[in-house]
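Enquirer: The structure file protein_12.csv (CSV, C-alpha atoms) is provided below.
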chain,number,residue,atom,x,y,z
A,1,MET,CA,10.6,64.3,-14.7
A,2,GLN,CA,9.1,64.3,-11.2
A,3,MET,CA,9.7,61.2,-9.1
A,4,THR,CA,8.0,59.7,-6.1
A,5,LYS,CA,8.0,56.5,-4.1
A,6,LEU,CA,5.4,53.7,-4.1
A,7,GLY,CA,3.8,53.5,-0.7
A,8,ARG,CA,6.2,52.4,2.0
A,9,THR,CA,8.3,50.3,-0.4
A,10,GLY,CA,11.1,52.7,-1.2
A,11,ILE,CA,10.7,51.9,-4.9
A,12,GLU,CA,11.2,55.2,-6.8
A,13,VAL,CA,9.1,55.8,-9.9
A,14,SER,CA,8.4,58.6,-12.3
A,15,LYS,CA,5.1,60.5,-11.9
A,16,PHE,CA,4.2,59.5,-15.4
A,17,CYS,CA,4.0,55.8,-16.2
A,18,LEU,CA,4.0,54.3,-19.7
A,19,GLY,CA,1.0,52.1,-20.3
A,20,SER,CA,1.2,49.2,-22.7
A,21,MET,CA,-2.2,47.7,-23.2
A,22,THR,CA,-2.4,48.3,-27.0
A,23,TRP,CA,1.0,46.6,-27.7
A,24,GLY,CA,0.1,43.5,-29.7
A,25,THR,CA,-3.1,44.7,-31.3
A,26,GLN,CA,-3.1,48.4,-32.2
A,27,ASN,CA,0.7,48.5,-31.9
A,28,ILE,CA,3.2,46.1,-33.3
A,29,THR,CA,6.3,45.0,-31.3
A,30,ALA,CA,8.6,47.6,-32.9
A,31,GLU,CA,6.3,50.4,-31.9
A,32,GLY,CA,6.2,49.2,-28.3
A,33,HIS,CA,9.9,49.1,-28.2
A,34,ASP,CA,10.2,52.6,-29.7
A,35,GLN,CA,7.8,53.9,-27.0
A,36,ILE,CA,9.9,52.3,-24.2
A,37,ASP,CA,13.0,53.8,-25.6
A,38,ALA,CA,11.5,57.3,-25.9
A,39,ALA,CA,9.9,57.2,-22.4
A,40,LEU,CA,13.1,56.1,-20.8
A,41,ALA,CA,15.0,58.8,-22.6
A,42,ALA,CA,12.6,61.4,-21.2
A,43,GLY,CA,13.0,60.2,-17.6
A,44,ILE,CA,10.1,57.8,-17.3
A,45,ASN,CA,11.2,54.7,-15.5
A,46,PHE,CA,7.8,53.1,-14.9
A,47,VAL,CA,6.0,50.7,-17.3
A,48,ASP,CA,2.7,49.0,-16.5
A,49,THR,CA,1.2,45.9,-18.2
A,50,ALA,CA,-1.0,42.9,-17.4
A,51,GLU,CA,-1.2,39.3,-18.2
A,52,MET,CA,-4.6,39.8,-20.0
A,53,TYR,CA,-3.3,42.5,-22.3
A,54,PRO,CA,-3.5,43.5,-25.1
A,55,VAL,CA,-6.9,45.1,-25.4
A,56,ASN,CA,-8.9,46.4,-28.4
A,57,PRO,CA,-10.0,43.7,-28.5
A,58,LEU,CA,-9.4,41.4,-25.6
A,59,SER,CA,-9.1,37.8,-26.9
A,60,ALA,CA,-7.7,34.4,-26.0
A,61,GLU,CA,-5.6,34.5,-29.2
A,62,THR,CA,-3.7,37.6,-28.2
A,63,GLN,CA,-3.6,37.2,-24.4
A,64,GLY,CA,-0.1,37.7,-23.1
A,65,ARG,CA,1.3,39.4,-26.2
A,66,THR,CA,1.9,42.7,-24.4
A,67,GLU,CA,4.1,41.1,-21.8
A,68,GLU,CA,5.9,39.3,-24.6
A,69,VAL,CA,6.6,42.7,-26.3
A,70,ILE,CA,8.3,43.9,-23.2
A,71,GLY,CA,10.1,40.6,-22.8
A,72,ASP,CA,11.4,40.9,-26.3
A,73,TRP,CA,12.7,44.4,-25.4
A,74,PHE,CA,14.7,42.9,-22.6
A,75,ALA,CA,15.9,40.1,-24.8
A,76,ALA,CA,17.1,42.5,-27.4
A,77,GLY,CA,19.4,44.2,-24.8
A,78,GLY,CA,17.0,46.5,-23.0
A,79,ALA,CA,18.5,47.2,-19.5
A,80,ARG,CA,16.2,45.7,-16.9
A,81,GLU,CA,17.6,47.8,-14.1
A,82,ARG,CA,16.4,51.0,-15.9
A,83,MET,CA,12.7,50.0,-15.6
A,84,VAL,CA,10.3,49.6,-12.7
A,85,LEU,CA,8.0,47.0,-14.1
A,86,ALA,CA,4.4,46.5,-13.0
A,87,THR,CA,2.0,43.7,-14.2
A,88,LYS,CA,-1.3,42.3,-13.0
A,89,HIS,CA,-2.9,39.0,-12.1
A,90,SER,CA,-6.3,38.7,-13.9
A,91,GLY,CA,-9.3,38.0,-11.7
A,92,ASN,CA,-12.5,36.2,-12.2
A,93,GLY,CA,-14.7,36.7,-15.3
A,94,ILE,CA,-12.0,36.4,-18.0
A,95,ALA,CA,-12.8,33.0,-19.3
A,96,TYR,CA,-9.6,32.4,-21.3
A,97,VAL,CA,-7.3,33.2,-18.3
A,98,ARG,CA,-7.4,30.2,-15.9
A,99,GLU,CA,-11.0,29.6,-17.0
A,100,GLY,CA,-12.1,32.8,-15.3
A,101,ARG,CA,-11.4,31.6,-11.7
A,102,ASP,CA,-10.8,33.8,-8.7
A,103,ILE,CA,-7.4,34.9,-7.6
A,104,THR,CA,-6.2,32.4,-5.0
A,105,ALA,CA,-3.1,31.4,-3.1
A,106,ALA,CA,-2.7,28.6,-5.7
A,107,SER,CA,-3.2,30.8,-8.7
A,108,ILE,CA,-0.6,33.4,-7.7
A,109,PRO,CA,2.6,31.4,-8.3
A,110,GLU,CA,1.0,30.0,-11.5
A,111,ALA,CA,0.3,33.5,-12.8
A,112,ILE,CA,3.7,34.8,-11.9
A,113,ASP,CA,5.3,31.8,-13.7
A,114,GLY,CA,3.5,32.8,-16.9
A,115,SER,CA,4.2,36.5,-16.6
A,116,LEU,CA,7.9,36.0,-15.9
A,117,ALA,CA,8.3,33.7,-18.9
A,118,ARG,CA,6.6,36.1,-21.2
A,119,LEU,CA,8.5,39.1,-19.8
A,120,LYS,CA,11.8,37.3,-20.0
A,121,THR,CA,12.8,38.6,-16.5
A,122,ASP,CA,13.3,36.9,-13.1
A,123,TYR,CA,11.4,39.5,-11.1
A,124,ILE,CA,8.4,41.9,-11.2
A,125,ASP,CA,8.7,45.2,-9.3
A,126,LEU,CA,5.0,45.8,-8.6
A,127,TYR,CA,2.6,42.8,-8.8
A,128,GLN,CA,-1.0,43.9,-8.8
A,129,PHE,CA,-4.4,42.1,-8.6
A,130,HIS,CA,-6.4,43.4,-11.5
A,131,TRP,CA,-9.7,43.5,-9.5
A,132,PRO,CA,-10.8,42.0,-6.2
A,133,ASN,CA,-12.6,38.6,-6.1
A,134,ARG,CA,-15.7,40.2,-4.5
A,135,GLY,CA,-16.2,42.6,-7.4
A,136,SER,CA,-15.7,46.2,-8.1
A,137,TYR,CA,-17.7,49.4,-8.8
A,138,MET,CA,-15.3,50.5,-11.5
A,139,PHE,CA,-16.0,50.5,-15.2
A,140,ARG,CA,-19.4,52.1,-14.8
A,141,LYS,CA,-20.6,49.4,-12.4
A,142,ASN,CA,-20.9,52.2,-9.8
A,143,TRP,CA,-24.5,53.0,-11.0
A,144,ALA,CA,-25.8,49.7,-9.7
A,145,TYR,CA,-23.2,48.6,-7.3
A,146,ASP,CA,-24.5,46.4,-4.5
A,147,PRO,CA,-22.1,44.8,-2.0
A,148,SER,CA,-24.9,43.2,0.1
A,149,SER,CA,-24.0,39.7,-1.2
A,150,GLN,CA,-20.4,39.9,0.1
A,151,ASN,CA,-19.4,37.7,3.0
A,152,ARG,CA,-16.9,39.5,5.2
A,153,ALA,CA,-15.4,36.4,6.7
A,154,THR,CA,-14.7,34.9,3.3
A,155,THR,CA,-13.2,38.2,2.1
A,156,MET,CA,-10.9,38.4,5.1
A,157,GLN,CA,-9.7,34.8,4.7
A,158,ASP,CA,-9.2,35.3,1.0
A,159,MET,CA,-7.0,38.4,1.7
A,160,GLU,CA,-4.9,36.6,4.3
A,161,ASP,CA,-4.4,33.5,2.1
A,162,CYS,CA,-3.3,35.6,-0.9
A,163,LEU,CA,-1.0,37.7,1.2
A,164,GLY,CA,0.7,34.5,2.5
A,165,ALA,CA,1.3,33.4,-1.1
A,166,LEU,CA,2.6,36.8,-2.1
A,167,GLN,CA,5.0,36.8,0.8
A,168,ILE,CA,6.4,33.5,-0.4
A,169,GLU,CA,7.0,35.2,-3.8
A,170,VAL,CA,8.7,38.2,-2.1
A,171,ASP,CA,10.9,35.8,-0.2
A,172,ARG,CA,11.8,34.1,-3.4
A,173,GLY,CA,12.7,37.4,-5.0
A,174,ARG,CA,10.2,37.1,-7.8
A,175,ILE,CA,8.1,40.2,-6.8
A,176,ARG,CA,9.2,43.3,-4.9
A,177,ALA,CA,5.9,44.9,-4.0
A,178,PHE,CA,2.1,44.3,-4.1
A,179,GLY,CA,-0.7,46.5,-5.4
A,180,MET,CA,-4.4,46.4,-6.0
A,181,SER,CA,-6.5,47.7,-8.9
A,182,ASN,CA,-10.1,48.7,-9.2
A,183,GLU,CA,-10.4,48.6,-5.4
A,184,SER,CA,-12.5,50.5,-3.0
A,185,ALA,CA,-11.5,52.5,0.1
A,186,TRP,CA,-12.9,49.8,2.4
A,187,GLY,CA,-11.0,47.2,0.5
A,188,LEU,CA,-7.7,49.0,0.6
A,189,THR,CA,-8.0,49.5,4.4
A,190,GLN,CA,-8.8,45.8,4.8
A,191,TRP,CA,-5.7,44.8,2.7
A,192,ALA,CA,-3.6,47.1,4.9
A,193,ASN,CA,-5.0,45.6,8.1
A,194,ALA,CA,-4.6,42.0,6.8
A,195,ALA,CA,-0.9,42.6,6.1
A,196,GLU,CA,-0.5,43.7,9.7
A,197,ARG,CA,-2.2,40.5,10.9
A,198,SER,CA,-0.6,38.1,8.6
A,199,SER,CA,2.8,39.7,7.9
A,200,GLY,CA,2.3,39.6,4.2
A,201,PRO,CA,3.4,42.4,1.8
A,202,ARG,CA,1.6,45.6,2.6
A,203,VAL,CA,-0.5,47.0,-0.3
A,204,ALA,CA,1.6,49.8,-1.8
A,205,THR,CA,-0.6,51.1,-4.6
A,206,VAL,CA,-4.1,51.1,-6.1
A,207,GLN,CA,-4.6,51.4,-9.8
A,208,ASN,CA,-8.1,52.9,-10.4
A,209,GLU,CA,-9.6,55.1,-13.1
A,210,TYR,CA,-9.0,58.8,-12.5
A,211,SER,CA,-9.3,61.8,-14.7
A,212,LEU,CA,-11.0,65.2,-15.0
A,213,MET,CA,-14.0,63.2,-16.1
A,214,CYS,CA,-13.9,60.4,-13.5
A,215,ARG,CA,-13.2,61.6,-9.9
A,216,LEU,CA,-14.8,58.9,-7.9
A,217,ALA,CA,-11.6,58.6,-5.8
A,218,ASP,CA,-11.8,62.2,-4.4
A,219,THR,CA,-14.3,61.3,-1.7
A,220,ASP,CA,-13.2,57.9,-0.5
A,221,VAL,CA,-10.1,56.3,-2.0
A,222,ALA,CA,-8.2,59.5,-1.6
A,223,GLU,CA,-8.7,59.3,2.2
A,224,ALA,CA,-7.6,55.7,2.3
A,225,CYS,CA,-4.5,56.4,0.3
A,226,HIS,CA,-3.5,59.3,2.5
A,227,ASN,CA,-4.0,57.6,5.8
A,228,GLU,CA,-2.7,54.2,4.8
A,229,ASP,CA,0.3,55.4,2.7
A,230,ILE,CA,-1.0,53.8,-0.5
A,231,GLY,CA,-0.1,55.5,-3.7
A,232,MET,CA,-2.8,55.8,-6.4
A,233,LEU,CA,-1.9,54.9,-10.0
A,234,SER,CA,-4.4,56.6,-12.4
A,235,PHE,CA,-5.5,54.8,-15.5
A,236,SER,CA,-7.4,56.4,-18.3
A,237,PRO,CA,-6.3,60.0,-17.4
A,238,LEU,CA,-7.5,61.2,-20.8
A,239,ALA,CA,-10.8,59.4,-20.4
A,240,CYS,CA,-10.1,57.0,-23.3
A,241,GLY,CA,-9.1,59.9,-25.5
A,242,LEU,CA,-12.2,62.0,-24.9
A,243,LEU,CA,-10.2,64.8,-23.2
A,244,THR,CA,-8.1,65.3,-26.3
A,245,GLY,CA,-11.2,66.7,-28.0
A,246,LYS,CA,-10.8,64.4,-31.0
A,247,TYR,CA,-14.3,62.9,-30.7
A,248,GLN,CA,-16.1,66.2,-30.4
A,249,ASP,CA,-18.8,67.1,-33.0
A,250,ASP,CA,-19.3,63.4,-33.8
A,251,ALA,CA,-15.8,63.0,-35.1
A,252,MET,CA,-14.3,59.5,-35.2
A,253,PRO,CA,-10.7,59.5,-36.4
A,254,ASP,CA,-9.5,56.4,-38.3
A,255,GLY,CA,-7.8,53.9,-36.0
A,256,SER,CA,-9.0,55.5,-32.8
A,257,ARG,CA,-10.3,53.5,-29.9
A,258,MET,CA,-13.9,54.6,-30.6
A,259,THR,CA,-13.7,52.8,-34.0
A,260,LEU,CA,-12.9,49.6,-32.0
A,261,SER,CA,-15.1,50.3,-28.9
A,262,PRO,CA,-17.9,52.6,-30.0
A,263,GLU,CA,-19.2,53.2,-26.5
A,264,LEU,CA,-15.8,53.6,-25.0
A,265,GLY,CA,-16.6,51.2,-22.2
A,266,GLY,CA,-19.8,53.1,-21.2
A,267,ARG,CA,-18.2,56.5,-21.2
A,268,LYS,CA,-20.0,57.8,-24.3
A,269,ASN,CA,-23.2,59.8,-23.8
A,270,PRO,CA,-24.4,63.4,-24.5
A,271,ARG,CA,-23.4,64.6,-21.1
A,272,THR,CA,-19.8,63.3,-21.7
A,273,PHE,CA,-19.3,65.7,-24.7
A,274,GLU,CA,-20.7,68.7,-22.8
A,275,ALA,CA,-18.2,68.0,-20.0
A,276,VAL,CA,-15.3,67.6,-22.5
A,277,ALA,CA,-16.3,70.9,-24.1
A,278,ALA,CA,-16.1,72.7,-20.7
A,279,TYR,CA,-12.5,71.4,-20.1
A,280,LEU,CA,-11.5,72.2,-23.6
A,281,GLU,CA,-12.7,75.8,-23.0
A,282,VAL,CA,-10.5,75.9,-19.8
A,283,ALA,CA,-7.5,74.8,-21.8
A,284,GLN,CA,-8.1,77.3,-24.6
A,285,LYS,CA,-8.7,80.2,-22.1
A,286,HIS,CA,-5.3,79.6,-20.5
A,287,GLY,CA,-3.4,78.7,-23.7
A,288,LEU,CA,-2.8,75.1,-22.7
A,289,ASP,CA,-2.9,71.9,-24.6
A,290,PRO,CA,-5.9,69.9,-23.2
A,291,VAL,CA,-3.9,66.7,-23.1
A,292,GLN,CA,-1.1,68.2,-21.1
A,293,MET,CA,-3.6,70.0,-18.8
A,294,ALA,CA,-5.4,66.8,-18.1
A,295,MET,CA,-2.2,64.9,-17.4
A,296,ALA,CA,-0.8,67.6,-15.1
A,297,PHE,CA,-4.1,67.7,-13.2
A,298,ALA,CA,-4.1,64.0,-12.4
A,299,ARG,CA,-0.4,64.0,-11.6
A,300,ASP,CA,-0.7,66.7,-9.0
A,301,ARG,CA,-3.6,65.3,-7.0
A,302,PRO,CA,-2.3,64.9,-3.4
A,303,PHE,CA,-2.9,61.1,-3.4
A,304,MET,CA,-1.5,60.3,-6.8
A,305,ALA,CA,1.7,58.3,-7.1
A,306,SER,CA,1.9,58.1,-10.9
A,307,VAL,CA,-0.4,58.6,-13.9
A,308,ILE,CA,-0.5,55.8,-16.4
A,309,PHE,CA,-1.0,56.8,-20.0
A,310,GLY,CA,-1.1,55.0,-23.3
A,311,ALA,CA,-0.2,56.1,-26.8
A,312,THR,CA,-0.8,54.4,-30.1
A,313,THR,CA,1.4,56.9,-32.1
A,314,MET,CA,4.7,58.4,-31.4
A,315,ALA,CA,3.2,61.9,-31.9
A,316,GLN,CA,0.8,61.2,-29.0
A,317,LEU,CA,3.7,60.0,-26.8
A,318,GLU,CA,5.8,63.1,-27.6
A,319,LEU,CA,2.9,65.4,-26.8
A,320,ILE,CA,2.6,64.0,-23.4
A,321,LEU,CA,6.3,64.0,-22.7
A,322,ALA,CA,6.5,67.6,-23.8
A,323,GLY,CA,4.1,68.5,-21.0
A,324,ALA,CA,5.7,66.4,-18.3
A,325,ASP,CA,6.8,69.5,-16.3
A,326,LEU,CA,3.7,71.6,-16.8
A,327,GLU,CA,2.4,73.2,-13.6
A,328,LEU,CA,-1.2,74.4,-13.4
A,329,GLY,CA,-1.7,77.8,-11.8
A,330,GLU,CA,-4.4,78.8,-9.3
A,331,GLU,CA,-6.6,80.4,-12.0
A,332,VAL,CA,-6.5,77.2,-14.1
A,333,MET,CA,-7.4,75.1,-11.1
A,334,ALA,CA,-10.2,77.4,-10.2
A,335,ASP,CA,-11.7,77.1,-13.7
A,336,ILE,CA,-11.3,73.3,-13.6
A,337,ASP,CA,-13.2,73.2,-10.3
A,338,LEU,CA,-16.0,75.3,-11.8
A,339,ALA,CA,-16.2,72.9,-14.8
A,340,HIS,CA,-16.2,69.9,-12.5
A,341,ARG,CA,-19.1,71.4,-10.4
A,342,SER,CA,-21.1,72.1,-13.6
A,343,HIS,CA,-20.5,68.6,-15.0
A,344,PRO,CA,-20.0,66.1,-12.1
A,345,MET,CA,-19.9,62.4,-12.9
A,346,PRO,CA,-20.6,62.7,-16.6
A,347,TYR,CA,-20.4,58.9,-17.0
So that I can check it, write out the structure of this file as structure tokens.

Expert:
Amino acid sequence: MQMTKLGRTGIEVSKFCLGSMTWGTQNITAEGHDQIDAALAAGINFVDTAEMYPVNPLSAETQGRTEEVIGDWFAAGGARERMVLATKHSGNGIAYVREGRDITAASIPEAIDGSLARLKTDYIDLYQFHWPNRGSYMFRKNWAYDPSSQNRATTMQDMEDCLGALQIEVDRGRIRAFGMSNESAWGLTQWANAAERSSGPRVATVQNEYSLMCRLADTDVAEACHNEDIGMLSFSPLACGLLTGKYQDDAMPDGSRMTLSPELGGRKNPRTFEAVAAYLEVAQKHGLDPVQMAMAFARDRPFMASVIFGATTMAQLELILAGADLELGEEVMADIDLAHRSHPMPY
């Protein structure tokens, strides 16, 4: 398993990260524990979660269950020191988490209290903000993104206040590093600058969507990551399962995400399936499994720290683990580039 370090923190993680967002809805506790055991045995030491998980569906009734699944693994004897654990502070808009309020200096210790209790641990390795208070262009909001209502002075003060609260948590030993999620290149640069002004923890990572189908980061976030030493963590590297090919020709496997979220968060449209077909052709041409090809592509982007994947079955997990050392040759990459140019921004 390839390893890397998160930003300037010195925290070493595997280039594949086990995502957990279905534990508590699509997956029961025992299945989550089995996935952790299998991932650790394969050399993955990095697990990502969030206080608002599980998903499919999101609900007030299930909120926090995923962290509890991980906490139960620790309580049952799982070695905490074997895992680099990441979780996230929910932002505005989720009504059942702190009534949908912004992330603030006051909400940070409160949210960490809750996560630590559910996780049954006394520290979090990477503490992330799920999205910035000012909004985000992720989740298909890029088509109508308009930052003109933002107030720069408010944003700068908000960043500095939050970094001050985060530094207190670092000093207390409750978090080791700080990361953003669903953030822009400008936002990342401002977080880095704010840390230099306020002496708060420097942003180490950004968790944004990235896959063969969603390459928004290539033209802006990649540059910020490179110049500011921020590692990207890719979520949805298989485009919510689209890149497996299982939804082609109007197929809808029982228990799949599409049965629970028919539009796959705005990813489903005719152009989507044309793009998937192009990438499936590349994999077939070179004798590759499309899942393993998609994971290797995301892993080897020059700005990528780790690729977060989820699995609802052990067979899915085993397939990804089997391709952990796959290297894509120049011919494969050339064909991927051609497919990308023919099907840019399919959703």

Enquirer: Measuring atom to atom with all atoms listed in the file, identify which of A:Glu51, A:Glu81, A:Glu330, A:Glu160 is nearest to Leu116 in chain A.

Expert: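 That would be A:Glu51, the residue with the smallest distance to Leu116 in chain A.
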
Enquirer: When you count all atoms listed in the file, which of these residues is closest to Asp249 in chain A: A:Asn56, A:Asn92, A:Thr272, A:Ser261?

Expert: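 Using all atoms listed in the file, the shortest distance to Asp249 in chain A belongs to A:Thr272.
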
Enquirer: So how many Å separate CA of His89 in chain A and CA of Ala105 in chain A, to one decimal?

Expert: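 If I compute the distance from CA of His89 in chain A to CA of Ala105 in chain A, I get 11.8 Å.
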
Enquirer: Select, from A:Ile168, A:Asp289, A:Gln190, A:Val282, the residue with the minimum atom-to-atom distance to Ala153 in chain A, counting all atoms listed in the file.

Expert: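 The shortest atom-to-atom distance to Ala153 in chain A comes from A:Gln190.
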
Enquirer: Contacts of range 319-323 of chain A at 12 Å or less, counting all atoms listed in the file, minus same-chain residues fewer than 4 places along, as a ChimeraX atom specification?

Expert: /A:1-2,14-18,35,38-44,237-238,244,288-297,299,307-311,313-315,327-328

Enquirer: Would you kindly return, as a list in words, each protein, DNA or RNA residue with an atom no farther than 9 Å from any atom of range 240-243 of chain A, considering only C-alpha atoms and excluding same-chain residues fewer than 2 positions away?

Expert: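 Here the qualifying residues turn out to be Leu212, Met213, Ser236, Pro237, Leu238, Gly245, Lys246, Tyr247, Gln248, Ser256, Arg257, Met258, Leu264, Gly265, Arg267, Lys268, Thr272, Phe273, Val276, Ala277, Tyr279, Leu280, Pro290, Val291 and Ala294 of chain A.
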
Enquirer: Rounded to one decimal in Å, what is the spacing between CA of Ile108 in chain A and CA of Ala222 in chain A?

Expert: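 It comes out at 27.9 Å.
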
Enquirer: With only C-alpha atoms as the atoms that count, which of A:Arg341, A:Arg176, A:Lys88, A:Arg118 lies nearest to Phe74 in chain A?

Expert: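 Using only C-alpha atoms, Phe74 in chain A sits closest to A:Arg118.
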
Enquirer: Could range 49-127 of chain A be written out with C-alpha atoms, as a JSON list (two decimals), in the first residue's frame, please?

Expert:
[["chain", "number", "residue", "atom", "x", "y", "z"],
["A", 49, "THR", "CA", -16.29, 9.70, 8.74],
["A", 50, "ALA", "CA", -18.48, 12.67, 9.73],
["A", 51, "GLU", "CA", -20.85, 13.62, 12.51],
["A", 52, "MET", "CA", -23.78, 13.85, 10.04],
["A", 53, "TYR", "CA", -23.33, 10.28, 8.73],
["A", 54, "PRO", "CA", -24.79, 7.84, 7.76],
["A", 55, "VAL", "CA", -26.31, 8.76, 4.42],
["A", 56, "ASN", "CA", -28.84, 7.00, 2.17],
["A", 57, "PRO", "CA", -30.81, 8.56, 3.68],
["A", 58, "LEU", "CA", -29.61, 11.39, 5.88],
["A", 59, "SER", "CA", -31.92, 11.71, 8.87],
["A", 60, "ALA", "CA", -32.11, 13.07, 12.39],
["A", 61, "GLU", "CA", -32.89, 9.55, 13.62],
["A", 62, "THR", "CA", -29.65, 8.05, 12.30],
["A", 63, "GLN", "CA", -27.30, 11.05, 12.66],
["A", 64, "GLY", "CA", -24.11, 10.02, 14.46],
["A", 65, "ARG", "CA", -24.53, 6.28, 14.00],
["A", 66, "THR", "CA", -21.48, 5.96, 11.74],
["A", 67, "GLU", "CA", -19.18, 7.47, 14.35],
["A", 68, "GLU", "CA", -20.77, 5.10, 16.87],
["A", 69, "VAL", "CA", -19.93, 2.11, 14.66],
["A", 70, "ILE", "CA", -16.27, 3.13, 14.70],
["A", 71, "GLY", "CA", -16.43, 3.80, 18.43],
["A", 72, "ASP", "CA", -17.83, 0.33, 19.02],
["A", 73, "TRP", "CA", -14.87, -1.10, 17.07],
["A", 74, "PHE", "CA", -12.48, 0.67, 19.44],
["A", 75, "ALA", "CA", -14.51, -0.44, 22.47],
["A", 76, "ALA", "CA", -14.36, -4.05, 21.27],
["A", 77, "GLY", "CA", -10.57, -3.95, 21.31],
["A", 78, "GLY", "CA", -9.70, -2.30, 18.01],
["A", 79, "ALA", "CA", -6.27, -0.73, 18.31],
["A", 80, "ARG", "CA", -6.66, 3.06, 18.13],
["A", 81, "GLU", "CA", -2.98, 3.55, 17.25],
["A", 82, "ARG", "CA", -3.40, 1.55, 14.04],
["A", 83, "MET", "CA", -5.88, 4.07, 12.60],
["A", 84, "VAL", "CA", -5.57, 7.62, 11.35],
["A", 85, "LEU", "CA", -9.10, 8.83, 12.01],
["A", 86, "ALA", "CA", -10.77, 11.73, 10.21],
["A", 87, "THR", "CA", -14.18, 13.19, 10.94],
["A", 88, "LYS", "CA", -16.07, 16.36, 10.04],
["A", 89, "HIS", "CA", -17.97, 19.22, 11.66],
["A", 90, "SER", "CA", -21.28, 19.73, 9.82],
["A", 91, "GLY", "CA", -21.97, 23.19, 8.44],
["A", 92, "ASN", "CA", -25.07, 25.27, 7.90],
["A", 93, "GLY", "CA", -28.15, 23.82, 6.26],
["A", 94, "ILE", "CA", -28.44, 20.50, 8.13],
["A", 95, "ALA", "CA", -31.41, 21.36, 10.33],
["A", 96, "TYR", "CA", -31.04, 18.43, 12.73],
["A", 97, "VAL", "CA", -27.37, 19.17, 13.54],
["A", 98, "ARG", "CA", -27.20, 22.21, 15.84],
["A", 99, "GLU", "CA", -30.33, 23.56, 14.10],
["A", 100, "GLY", "CA", -28.43, 24.11, 10.87],
["A", 101, "ARG", "CA", -26.21, 26.88, 12.21],
["A", 102, "ASP", "CA", -22.83, 27.99, 10.84],
["A", 103, "ILE", "CA", -19.51, 26.61, 12.03],
["A", 104, "THR", "CA", -18.25, 28.98, 14.72],
["A", 105, "ALA", "CA", -15.63, 29.19, 17.43],
["A", 106, "ALA", "CA", -18.38, 28.22, 19.89],
["A", 107, "SER", "CA", -19.69, 25.26, 17.89],
["A", 108, "ILE", "CA", -16.26, 23.64, 17.40],
["A", 109, "PRO", "CA", -15.72, 22.35, 20.97],
["A", 110, "GLU", "CA", -19.37, 21.32, 21.15],
["A", 111, "ALA", "CA", -19.11, 19.30, 17.93],
["A", 112, "ILE", "CA", -15.83, 17.72, 19.00],
["A", 113, "ASP", "CA", -17.40, 16.73, 22.34],
["A", 114, "GLY", "CA", -20.11, 14.86, 20.46],
["A", 115, "SER", "CA", -17.77, 13.17, 17.99],
["A", 116, "LEU", "CA", -15.33, 12.03, 20.67],
["A", 117, "ALA", "CA", -18.16, 10.56, 22.75],
["A", 118, "ARG", "CA", -19.56, 8.63, 19.78],
["A", 119, "LEU", "CA", -16.13, 7.56, 18.55],
["A", 120, "LYS", "CA", -15.09, 6.42, 22.06],
["A", 121, "THR", "CA", -11.66, 7.96, 21.68],
["A", 122, "ASP", "CA", -9.92, 10.96, 23.19],
["A", 123, "TYR", "CA", -8.49, 12.44, 19.99],
["A", 124, "ILE", "CA", -9.22, 12.93, 16.29],
["A", 125, "ASP", "CA", -6.31, 12.86, 13.87],
["A", 126, "LEU", "CA", -7.83, 15.03, 11.12],
["A", 127, "TYR", "CA", -10.72, 17.35, 11.97]]
